[in-house]
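**Student:** Just so it is clear, I am handing over final_14.cif, which has mmCIF, C-alpha atoms.
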```cif
data_start
loop_
_atom_site.group_PDB
_atom_site.id
_atom_site.type_symbol
_atom_site.label_atom_id
_atom_site.label_comp_id
_atom_site.auth_asym_id
_atom_site.auth_seq_id
_atom_site.Cartn_x
_atom_site.Cartn_y
_atom_site.Cartn_z
ATOM 1 C CA MET B 129 -15.690 -82.079 6.325
ATOM 2 C CA THR B 130 -14.331 -79.199 4.206
ATOM 3 C CA GLU B 131 -11.519 -77.227 5.779
ATOM 4 C CA LYS B 132 -11.740 -73.458 5.582
ATOM 5 C CA SER B 133 -8.559 -71.560 5.051
ATOM 6 C CA PHE B 134 -8.031 -68.347 6.912
ATOM 7 C CA GLY B 135 -5.498 -65.592 6.369
ATOM 8 C CA ASN B 136 -3.800 -64.485 3.228
ATOM 9 C CA ASP B 137 -4.301 -66.770 0.226
ATOM 10 C CA TYR B 138 -2.060 -64.637 -1.991
ATOM 11 C CA ASP B 139 0.010 -66.708 -4.418
ATOM 12 C CA HIS B 140 3.620 -65.627 -3.879
ATOM 13 C CA ASN B 141 4.760 -67.919 -6.692
ATOM 14 C CA ALA B 142 2.945 -65.686 -9.169
ATOM 15 C CA THR B 143 4.915 -62.682 -7.926
ATOM 16 C CA LEU B 144 8.210 -64.539 -8.171
ATOM 17 C CA LYS B 145 7.288 -65.757 -11.621
ATOM 18 C CA PHE B 146 6.394 -62.194 -12.719
ATOM 19 C CA PHE B 147 9.682 -60.682 -11.550
ATOM 20 C CA GLY B 148 11.601 -63.663 -12.875
ATOM 21 C CA LYS B 149 10.121 -62.976 -16.274
ATOM 22 C CA TRP B 150 10.648 -59.198 -16.352
ATOM 23 C CA TRP B 151 13.651 -58.624 -14.099
ATOM 24 C CA LYS B 152 15.950 -57.584 -16.930
ATOM 25 C CA LEU B 153 13.486 -54.998 -18.229
ATOM 26 C CA LEU B 154 12.866 -53.652 -14.723
ATOM 27 C CA MET B 155 16.603 -53.436 -14.107
ATOM 28 C CA TRP B 156 17.108 -51.402 -17.273
ATOM 29 C CA VAL B 157 14.169 -49.153 -16.370
ATOM 30 C CA PHE B 158 15.729 -48.633 -12.927
ATOM 31 C CA ILE B 159 19.139 -47.746 -14.369
ATOM 32 C CA ILE B 160 17.765 -45.429 -17.066
ATOM 33 C CA ALA B 161 15.404 -43.707 -14.619
ATOM 34 C CA LEU B 162 18.227 -43.283 -12.105
ATOM 35 C CA ILE B 163 20.499 -41.648 -14.688
ATOM 36 C CA ALA B 164 17.683 -39.489 -16.095
ATOM 37 C CA SER B 165 16.542 -38.320 -12.649
ATOM 38 C CA LEU B 166 20.090 -37.505 -11.625
ATOM 39 C CA GLY B 167 20.657 -35.574 -14.846
ATOM 40 C CA ILE B 168 17.414 -33.619 -14.477
ATOM 41 C CA SER B 169 18.215 -32.760 -10.850
ATOM 42 C CA MET B 170 21.623 -31.445 -11.916
ATOM 43 C CA LEU B 171 20.011 -29.210 -14.562
ATOM 44 C CA ILE B 172 17.711 -27.513 -12.016
ATOM 45 C CA THR B 173 19.168 -24.186 -10.876
ATOM 46 C CA PRO B 174 19.698 -24.281 -7.117
ATOM 47 C CA ARG B 175 17.844 -21.716 -5.016
ATOM 48 C CA PHE B 176 18.725 -20.389 -1.584
ATOM 49 C CA LYS B 177 16.297 -19.426 1.153
ATOM 50 C CA ALA B 178 16.518 -16.456 3.519
ATOM 51 C CA THR B 179 14.068 -15.826 6.359
ATOM 52 C CA ALA B 180 13.217 -12.696 8.359
ATOM 53 C CA THR B 181 10.982 -12.849 11.437
ATOM 54 C CA LEU B 182 9.036 -9.985 13.001
ATOM 55 C CA PHE B 183 6.302 -9.350 15.532
ATOM 56 C CA PRO B 184 3.559 -6.812 14.674
ATOM 57 C CA THR B 185 2.793 -4.173 17.279
ATOM 58 C CA ASN B 186 -0.612 -3.412 18.713
ATOM 59 C CA SER B 187 -2.697 -1.914 15.906
ATOM 60 C CA ASN B 188 -4.423 0.634 18.155
ATOM 61 C CA ARG B 189 -3.659 4.239 17.317
ATOM 62 C CA LEU B 190 -0.429 5.418 18.878
ATOM 63 C CA SER B 191 -1.884 8.913 19.218
ATOM 64 C CA LYS B 192 -4.356 7.680 21.820
ATOM 65 C CA ALA B 193 -1.532 6.535 24.043
ATOM 66 C CA ILE B 194 0.257 9.879 23.624
ATOM 67 C CA VAL B 195 -2.548 12.453 23.504
ATOM 68 C CA GLU B 196 -5.143 10.926 25.826
ATOM 69 C CA HIS B 197 -3.712 10.692 29.334
ATOM 70 C CA GLN B 198 -6.595 8.453 30.445
ATOM 71 C CA TYR B 199 -6.092 5.926 27.676
ATOM 72 C CA SER B 200 -4.547 2.704 28.973
ATOM 73 C CA LEU B 201 -2.799 1.543 25.777
ATOM 74 C CA ASP B 202 0.822 0.540 26.169
ATOM 75 C CA PHE B 203 2.255 1.193 22.719
ATOM 76 C CA MET B 204 5.146 -1.164 23.490
ATOM 77 C CA ASP B 205 2.761 -4.142 23.543
ATOM 78 C CA TYR B 206 3.090 -6.955 21.029
ATOM 79 C CA GLY B 207 0.145 -7.379 18.712
ATOM 80 C CA ILE B 208 -2.612 -9.910 19.216
ATOM 81 C CA GLU B 209 -3.841 -12.480 16.690
ATOM 82 C CA ARG B 210 -5.825 -9.827 14.809
ATOM 83 C CA ASP B 211 -2.683 -7.705 14.349
ATOM 84 C CA CYS B 212 -0.793 -10.760 13.114
ATOM 85 C CA GLU B 213 -3.435 -11.367 10.443
ATOM 86 C CA TYR B 214 -3.315 -7.702 9.412
ATOM 87 C CA CYS B 215 0.466 -7.940 9.135
ATOM 88 C CA ILE B 216 0.319 -11.038 6.921
ATOM 89 C CA GLN B 217 -2.232 -9.365 4.654
ATOM 90 C CA ILE B 218 -0.073 -6.265 4.210
ATOM 91 C CA LEU B 219 3.132 -8.238 3.644
ATOM 92 C CA SER B 220 1.336 -10.344 1.003
ATOM 93 C CA SER B 221 -0.381 -7.391 -0.665
ATOM 94 C CA GLU B 222 -0.021 -6.189 -4.241
ATOM 95 C CA SER B 223 1.262 -2.890 -2.860
ATOM 96 C CA MET B 224 4.168 -4.646 -1.155
ATOM 97 C CA GLU B 225 4.847 -6.695 -4.292
ATOM 98 C CA ARG B 226 5.045 -3.547 -6.444
ATOM 99 C CA ASP B 227 7.471 -1.909 -4.008
ATOM 100 C CA VAL B 228 9.747 -4.971 -3.965
ATOM 101 C CA CYS B 229 9.683 -5.500 -7.738
ATOM 102 C CA GLN B 230 10.445 -1.838 -8.377
ATOM 103 C CA HIS B 231 13.200 -1.551 -5.751
ATOM 104 C CA PHE B 232 15.075 -4.667 -6.916
ATOM 105 C CA ASN B 233 14.116 -4.459 -10.607
ATOM 106 C CA LEU B 234 12.919 -8.056 -10.430
ATOM 107 C CA LEU B 235 11.724 -7.960 -14.022
ATOM 108 C CA GLU B 236 15.363 -7.939 -15.130
ATOM 109 C CA HIS B 237 16.570 -10.160 -12.286
ATOM 110 C CA TYR B 238 14.107 -12.904 -13.218
ATOM 111 C CA GLY B 239 15.086 -12.627 -16.884
ATOM 112 C CA ILE B 240 11.666 -11.462 -18.110
ATOM 113 C CA SER B 241 11.750 -9.377 -21.279
ATOM 114 C CA LYS B 242 10.304 -5.882 -21.049
ATOM 115 C CA ASP B 243 8.740 -6.435 -24.483
ATOM 116 C CA ASP B 244 6.867 -9.542 -23.324
ATOM 117 C CA PRO B 245 3.107 -8.803 -23.474
ATOM 118 C CA HIS B 246 2.591 -11.034 -20.422
ATOM 119 C CA LYS B 247 5.531 -9.678 -18.432
ATOM 120 C CA LEU B 248 3.435 -8.518 -15.456
ATOM 121 C CA PHE B 249 1.699 -11.876 -15.153
ATOM 122 C CA LYS B 250 5.003 -13.750 -15.343
ATOM 123 C CA LEU B 251 6.577 -11.393 -12.815
ATOM 124 C CA HIS B 252 3.652 -11.895 -10.446
ATOM 125 C CA GLU B 253 3.824 -15.689 -10.733
ATOM 126 C CA GLN B 254 7.594 -15.709 -10.219
ATOM 127 C CA TYR B 255 7.321 -13.410 -7.209
ATOM 128 C CA ARG B 256 4.557 -15.463 -5.588
ATOM 129 C CA GLY B 257 6.553 -18.619 -6.146
ATOM 130 C CA ASN B 258 9.629 -17.175 -4.445
ATOM 131 C CA VAL B 259 8.116 -15.145 -1.586
ATOM 132 C CA ASN B 260 6.177 -16.782 1.217
ATOM 133 C CA VAL B 261 4.644 -15.094 4.275
ATOM 134 C CA LYS B 262 3.280 -17.178 7.133
ATOM 135 C CA ARG B 263 2.437 -16.962 10.812
ATOM 136 C CA THR B 264 4.667 -18.596 13.377
ATOM 137 C CA GLU B 265 3.471 -20.601 16.342
ATOM 138 C CA PHE B 266 3.736 -17.644 18.729
ATOM 139 C CA LEU B 267 1.991 -14.912 16.666
ATOM 140 C CA GLY B 268 5.121 -13.823 14.864
ATOM 141 C CA VAL B 269 5.316 -13.414 11.091
ATOM 142 C CA GLU B 270 7.969 -15.122 8.981
ATOM 143 C CA VAL B 271 8.992 -13.818 5.567
ATOM 144 C CA GLY B 272 10.732 -16.476 3.475
ATOM 145 C CA VAL B 273 12.377 -15.690 0.128
ATOM 146 C CA LEU B 274 13.892 -18.075 -2.417
ATOM 147 C CA ASP B 275 16.405 -16.872 -4.979
ATOM 148 C CA THR B 276 19.285 -18.162 -7.056
ATOM 149 C CA ASP B 277 21.530 -15.625 -5.309
ATOM 150 C CA PRO B 278 21.680 -16.095 -1.497
ATOM 151 C CA GLN B 279 22.441 -12.429 -0.860
ATOM 152 C CA TRP B 280 19.524 -11.312 -3.028
ATOM 153 C CA ALA B 281 17.228 -13.621 -1.063
ATOM 154 C CA ALA B 282 18.393 -12.068 2.226
ATOM 155 C CA ASP B 283 18.140 -8.506 0.889
ATOM 156 C CA ILE B 284 14.599 -9.033 -0.422
ATOM 157 C CA ALA B 285 13.425 -10.622 2.843
ATOM 158 C CA ASN B 286 14.882 -7.759 4.904
ATOM 159 C CA PHE B 287 13.422 -5.155 2.547
ATOM 160 C CA ILE B 288 9.940 -6.682 2.838
ATOM 161 C CA ALA B 289 10.176 -6.654 6.639
ATOM 162 C CA THR B 290 11.438 -3.060 6.670
ATOM 163 C CA ASN B 291 8.983 -1.840 4.039
ATOM 164 C CA TYR B 292 6.123 -3.086 6.218
ATOM 165 C CA ASP B 293 6.421 0.180 8.182
ATOM 166 C CA THR B 294 6.334 2.207 4.966
ATOM 167 C CA VAL B 295 3.179 0.528 3.652
ATOM 168 C CA CYS B 296 1.452 0.806 7.045
ATOM 169 C CA TYR B 297 2.362 4.488 7.304
ATOM 170 C CA ARG B 298 1.102 5.107 3.760
ATOM 171 C CA ILE B 299 -2.247 3.493 4.587
ATOM 172 C CA HIS B 300 -2.639 5.293 7.912
ATOM 173 C CA HIS B 301 -1.462 8.640 6.518
ATOM 174 C CA ASP B 302 -3.984 8.576 3.675
ATOM 175 C CA ARG B 303 -6.753 7.663 6.097
ATOM 176 C CA ALA B 304 -5.660 10.315 8.607
ATOM 177 C CA CYS B 305 -5.561 13.009 5.887
ATOM 178 C CA ASP B 306 -9.165 12.258 4.968
ATOM 179 C CA ALA B 307 -10.173 12.290 8.645
ATOM 180 C CA ALA B 308 -8.291 15.553 9.308
ATOM 181 C CA LYS B 309 -10.075 17.254 6.417
ATOM 182 C CA ILE B 310 -13.461 16.133 7.723
ATOM 183 C CA MET B 311 -12.552 17.082 11.310
ATOM 184 C CA LYS B 312 -11.509 20.586 10.251
ATOM 185 C CA GLY B 313 -14.785 21.146 8.444
ATOM 186 C CA VAL B 314 -16.826 19.948 11.440
ATOM 187 C CA CYS B 315 -14.804 22.084 13.904
ATOM 188 C CA ASP B 316 -15.145 25.186 11.721
ATOM 189 C CA LYS B 317 -18.878 24.647 11.418
ATOM 190 C CA MET B 318 -19.299 24.164 15.167
ATOM 191 C CA GLY B 319 -17.171 27.268 15.864
ATOM 192 C CA LEU B 320 -19.524 29.318 13.691
ATOM 193 C CA GLU B 321 -22.530 27.886 15.511
ATOM 194 C CA ILE B 322 -21.023 28.890 18.874
ATOM 195 C CA GLN B 323 -20.287 32.366 17.532
ATOM 196 C CA GLU B 324 -23.882 32.731 16.351
ATOM 197 C CA LEU B 325 -25.196 31.592 19.732
ATOM 198 C CA GLN B 326 -22.964 34.106 21.521
ATOM 199 C CA ASP B 327 -24.227 36.883 19.243
ATOM 200 C CA SER B 328 -27.786 35.787 19.923
ATOM 201 C CA LEU B 329 -27.099 35.863 23.676
ATOM 202 C CA ARG B 330 -25.892 39.481 23.482
ATOM 203 C CA ASN B 331 -28.958 40.501 21.468
ATOM 204 C CA ASN B 332 -31.460 38.516 23.542
ATOM 205 C CA PRO B 333 -30.408 38.661 27.211
ATOM 206 C CA GLN B 334 -33.831 37.353 28.265
ATOM 207 C CA TYR B 335 -32.787 33.887 27.019
ATOM 208 C CA ASN B 336 -29.582 33.967 29.066
ATOM 209 C CA LEU B 337 -30.061 30.616 30.875
ATOM 210 C CA SER B 338 -31.017 28.459 27.879
ATOM 211 C CA LEU B 339 -28.481 30.021 25.521
ATOM 212 C CA THR B 340 -25.663 29.786 28.069
ATOM 213 C CA LYS B 341 -26.428 26.095 28.605
ATOM 214 C CA LEU B 342 -26.496 25.444 24.848
ATOM 215 C CA ILE B 343 -23.246 27.342 24.332
ATOM 216 C CA HIS B 344 -21.598 25.280 27.085
ATOM 217 C CA GLU B 345 -22.725 22.017 25.463
ATOM 218 C CA LYS B 346 -21.429 23.153 22.080
ATOM 219 C CA CYS B 347 -18.080 24.148 23.595
ATOM 220 C CA VAL B 348 -17.729 20.720 25.216
ATOM 221 C CA GLN B 349 -18.470 19.051 21.864
ATOM 222 C CA LEU B 350 -15.973 21.316 20.127
ATOM 223 C CA ALA B 351 -13.283 20.467 22.707
ATOM 224 C CA GLU B 352 -13.844 16.737 22.087
ATOM 225 C CA LEU B 353 -13.608 17.249 18.341
ATOM 226 C CA GLN B 354 -10.421 19.266 18.736
ATOM 227 C CA THR B 355 -8.929 16.428 20.834
ATOM 228 C CA ARG B 356 -9.756 13.972 18.075
ATOM 229 C CA ALA B 357 -8.315 16.362 15.519
ATOM 230 C CA ALA B 358 -5.085 16.499 17.546
ATOM 231 C CA GLN B 359 -4.963 12.690 17.547
ATOM 232 C CA THR B 360 -5.486 12.653 13.791
ATOM 233 C CA GLU B 361 -2.702 15.225 13.399
ATOM 234 C CA VAL B 362 -0.320 12.909 15.288
ATOM 235 C CA ASP B 363 -1.347 9.926 13.137
ATOM 236 C CA MET B 364 -0.900 11.989 9.973
ATOM 237 C CA ASN B 365 2.524 13.481 10.684
ATOM 238 C CA GLU B 366 4.394 11.099 12.973
ATOM 239 C CA THR B 367 6.276 8.091 11.586
ATOM 240 C CA VAL B 368 6.423 5.154 13.984
ATOM 241 C CA SER B 369 7.386 1.513 13.669
ATOM 242 C CA TYR B 370 4.549 -0.972 13.404
ATOM 243 C CA LYS B 371 6.710 -3.993 14.169
ATOM 244 C CA PHE B 372 9.346 -5.494 16.423
ATOM 245 C CA MET B 373 12.145 -6.989 14.335
ATOM 246 C CA LEU B 374 13.191 -10.336 15.791
ATOM 247 C CA ASP B 375 15.524 -11.920 13.227
ATOM 248 C CA ARG B 376 16.989 -10.290 10.155
ATOM 249 C CA ALA B 377 17.615 -12.488 7.120
ATOM 250 C CA ILE B 378 21.189 -13.527 6.330
ATOM 251 C CA ALA B 379 22.651 -15.049 3.175
ATOM 252 C CA ALA B 380 22.383 -18.847 3.275
ATOM 253 C CA ASP B 381 25.482 -20.976 2.749
ATOM 254 C CA LYS B 382 23.508 -24.043 1.647
ATOM 255 C CA LYS B 383 20.871 -24.402 -1.051
ATOM 256 C CA ALA B 384 17.283 -25.052 -0.043
ATOM 257 C CA TYR B 385 16.108 -26.311 -3.443
ATOM 258 C CA PRO B 386 16.250 -28.694 -5.212
ATOM 259 C CA LYS B 387 16.539 -31.706 -2.916
ATOM 260 C CA ARG B 388 18.393 -33.906 -5.398
ATOM 261 C CA SER B 389 18.123 -37.087 -3.330
ATOM 262 C CA ILE B 390 14.325 -36.753 -3.202
ATOM 263 C CA ILE B 391 14.091 -36.025 -6.938
ATOM 264 C CA VAL B 392 16.270 -39.021 -7.801
ATOM 265 C CA ALA B 393 14.400 -41.362 -5.433
ATOM 266 C CA LEU B 394 10.948 -40.303 -6.632
ATOM 267 C CA GLY B 395 11.945 -40.344 -10.285
ATOM 268 C CA THR B 396 13.638 -43.727 -10.129
ATOM 269 C CA PHE B 397 11.179 -45.668 -8.013
ATOM 270 C CA GLY B 398 8.216 -43.925 -9.593
ATOM 271 C CA SER B 399 9.364 -45.091 -13.038
ATOM 272 C CA VAL B 400 9.880 -48.669 -11.816
ATOM 273 C CA ILE B 401 6.453 -48.764 -10.172
ATOM 274 C CA MET B 402 4.835 -47.362 -13.301
ATOM 275 C CA CYS B 403 6.598 -49.995 -15.398
ATOM 276 C CA VAL B 404 5.392 -52.756 -13.047
ATOM 277 C CA LEU B 405 1.796 -51.521 -13.305
ATOM 278 C CA VAL B 406 1.986 -51.414 -17.110
ATOM 279 C CA LEU B 407 3.408 -54.947 -17.258
ATOM 280 C CA LEU B 408 0.709 -56.256 -14.899
ATOM 281 C CA PHE B 409 -1.922 -54.661 -17.095
ATOM 282 C CA LEU B 410 -0.447 -56.197 -20.234
ATOM 283 C CA ASP B 411 -0.234 -59.627 -18.565
ATOM 284 C CA SER B 412 -3.881 -59.417 -17.524
ATOM 285 C CA LEU B 413 -4.883 -58.547 -21.095
ATOM 286 C CA ALA B 414 -2.858 -61.448 -22.440
ATOM 287 C CA LYS B 415 -4.561 -63.865 -20.007
ATOM 288 C CA LYS B 416 -8.006 -62.645 -21.021
ATOM 289 C CA GLU B 417 -7.197 -63.175 -24.702
ATOM 290 C CA ASP B 418 -6.014 -66.714 -23.968
#
```
Mind converting the file's structure to structure tokens?

**Tutor:**
Amino acid sequence: MTEKSFGNDYDHNATLKFFGKWWKLLMWVFIIALIASLGISMLITPRFKATATLFPTNSNRLSKAIVEHQYSLDFMDYGIERDCEYCIQILSSESMERDVCQHFNLLEHYGISKDDPHKLFKLHEQYRGNVNVKRTEFLGVEVGVLDTDPQWAADIANFIATNYDTVCYRIHHDRACDAAKIMKGVCDKMGLEIQELQDSLRNNPQYNLSLTKLIHEKCVQLAELQTRAAQTEVDMNETVSYKFMLDRAIAADKKAYPKRSIIVALGTFGSVIMCVLVLLFLDSLAKKED
């Protein structure tokens, strides 16, 4: 009766024979890779990370809480998930990037020549690689900045968090200006209509009931429009904060990048593993030729 073998039939002697044959080569590969990885890691310029954390406020119009006494908005409320997403979009926007690059002259700081035809592309790539905006677990927003200078990293992170109010105000102000212009035109037109109806009432007293009712309706509509115009005026002229600042960024006293131990480990063992795979491939070719 033939016995069946179960389990692993792997020939460990073949492995021992392989390493016994190539151990000197693998040792030299290990040593060379270790030295090369260590040297490369030392050549990489260290970068420091600074982080600022903020909470966006409720994105409803502040004017509604101030002008409309019946409106139930508490303008001290923290923002909901929607406001957090809006905040991330604004902090990651091209408008924010332009403000930061201009304020800190990042073109010069990153060592990009002003005569380089691709300077804007390189600046954009460098900025995106160094600035990261993400949502925290509890609907906060974290602005992380990497830089070779720890103080620059902290200053840029704090500027981005502070400039969030400026960008929001710029967006809302432009929108409110357009709305105010439209509101003024509508109010002026409705005022003329009321004036015409009042003139018609004086000239045609027989239509007193219908004209009086129509004038009253128009006046109510005009009052509502004027209330909205007052809200728009508040949104256009008042500067308010659109965030709650939780943590300001401070200069780091320890580098965040590179992790030299990880670079050395990956470089060294990766080279050894690659060498083993190449040797196994060559051995298999040699066996096929035999």

**Student:** Which residues are close to segment 394-399 of chain B, i.e. within 12 Å by all atoms listed in the file, leaving aside same-chain residues fewer than 3 positions away? Reply as a ChimeraX atom specification.

**Tutor:** /B:153-169,387-391,402-406

**Student:** Grab the atom CA of Cys215 of chain B to atom CA of Tyr297 of chain B distance for me, in Å with one decimal place.

**Tutor:**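 Result for atom CA of Cys215 of chain B versus atom CA of Tyr297 of chain B: 12.7 Å, one decimal.
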
**Student:** What's the separation between atom CA of Lys371 of chain B and atom CA of Met224 of chain B, in Å to one decimal place?

**Tutor:** 15.5 Å

**Student:** Can you work out which one of B:Glu361, B:Arg298, B:Ile343, B:Met170 has the shortest atom-to-atom distance to Leu320 of chain B, counting only C-alpha atoms?

**Tutor:**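 Looking at the shortest contact to Leu320 of chain B, the residue is B:Ile343.
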
**Student:** Just to confirm, what's the straight-line distance from atom CA of Asn336 of chain B to atom CA of Thr355 of chain B in Å (one decimal)?

**Tutor:**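 Taking atom CA of Asn336 of chain B and atom CA of Thr355 of chain B, their separation equals 28.3 Å.
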
**Student:** Pull the closest atom pair for each residue of segment 325-408 of chain B that gets at most 7 Å from segment 276-284 of chain B, along with the distance in Å to one decimal, counting all atoms listed in the file, ordering rows by chain and then ascending residue number, as CSV.

**Tutor:**
```
residue,atom,partner,partner_atom,distance
B:Ala377,CA,B:Ala282,CA,5.0
B:Ile378,CA,B:Ala282,CA,5.2
B:Ala379,CA,B:Gln279,CA,4.8
B:Ala380,CA,B:Pro278,CA,5.6
```

**Student:** Can those selected residues be exported to a file as a PDB file, keeping the file's coordinate frame so that it contains C-alpha atoms?

**Tutor:**
```
ATOM      1  CA  ALA B 377      17.615 -12.488   7.120  1.00  0.00           C
ATOM      2  CA  ILE B 378      21.189 -13.527   6.330  1.00  0.00           C
ATOM      3  CA  ALA B 379      22.651 -15.049   3.175  1.00  0.00           C
ATOM      4  CA  ALA B 380      22.383 -18.847   3.275  1.00  0.00           C
TER       5      ALA B 380
END
```

**Student:** Which residue out of B:His300, B:His231, B:Lys262, B:His344 has the minimum interatomic distance to Cys212 of chain B when only C-alpha atoms are used?

**Tutor:**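 Ranked by minimum distance to Cys212 of chain B, first place goes to B:Lys262.
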
**Student:** Where does the PyMOL selection byres ((chain B and resi 177) around 7) land in this file, that is, which residues does it pick, as an NGL selection string?

**Tutor:** :B and (175-176 or 178-179 or 272-275 or 278 or 281 or 380 or 384)

**Student:** I need the residue nearest Gly239 of chain B from this list: B:Ser338, B:Ser221, B:Thr173, B:Gln254. Use all atoms listed in the file for the distance.

**Tutor:**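 For Gly239 of chain B, the nearest of the candidates is B:Gln254.
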
**Student:** Using the file's own x, y and z axes, what box holds all listed atoms of segment 272-278 of chain B with 8 Å on each side, keeping edges along x, y and z, and what are its centre and edge lengths in Å to one decimal, as lines of an AutoDock Vina configuration file?

**Tutor:**
```
center_x = 16.2
center_y = -16.9
center_z = -1.8
size_x = 26.9
size_y = 18.5
size_z = 26.5
```

**Student:** Given all atoms listed in the file as the basis, pick out the residue of B:Leu325, B:Glu253, B:Glu236, B:Leu353 nearest to Lys341 of chain B.

**Tutor:**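 The shortest atom-to-atom distance to Lys341 of chain B comes from B:Leu325.
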
**Student:** Which residues, named as in the file, does the PyMOL selection byres ((chain B and resi 347) around 12) pick out? Answer as a ChimeraX atom specification.

**Tutor:** /B:315,318-323,325-326,340-346,348-354

**Student:** I'd like to know which of B:His237, B:Val400, B:Leu410, B:Phe183 is closest to Lys152 of chain B, using all atoms listed in the file.

**Tutor:**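 Going through B:His237, B:Val400, B:Leu410, B:Phe183 one by one, the smallest distance to Lys152 of chain B is for B:Val400.
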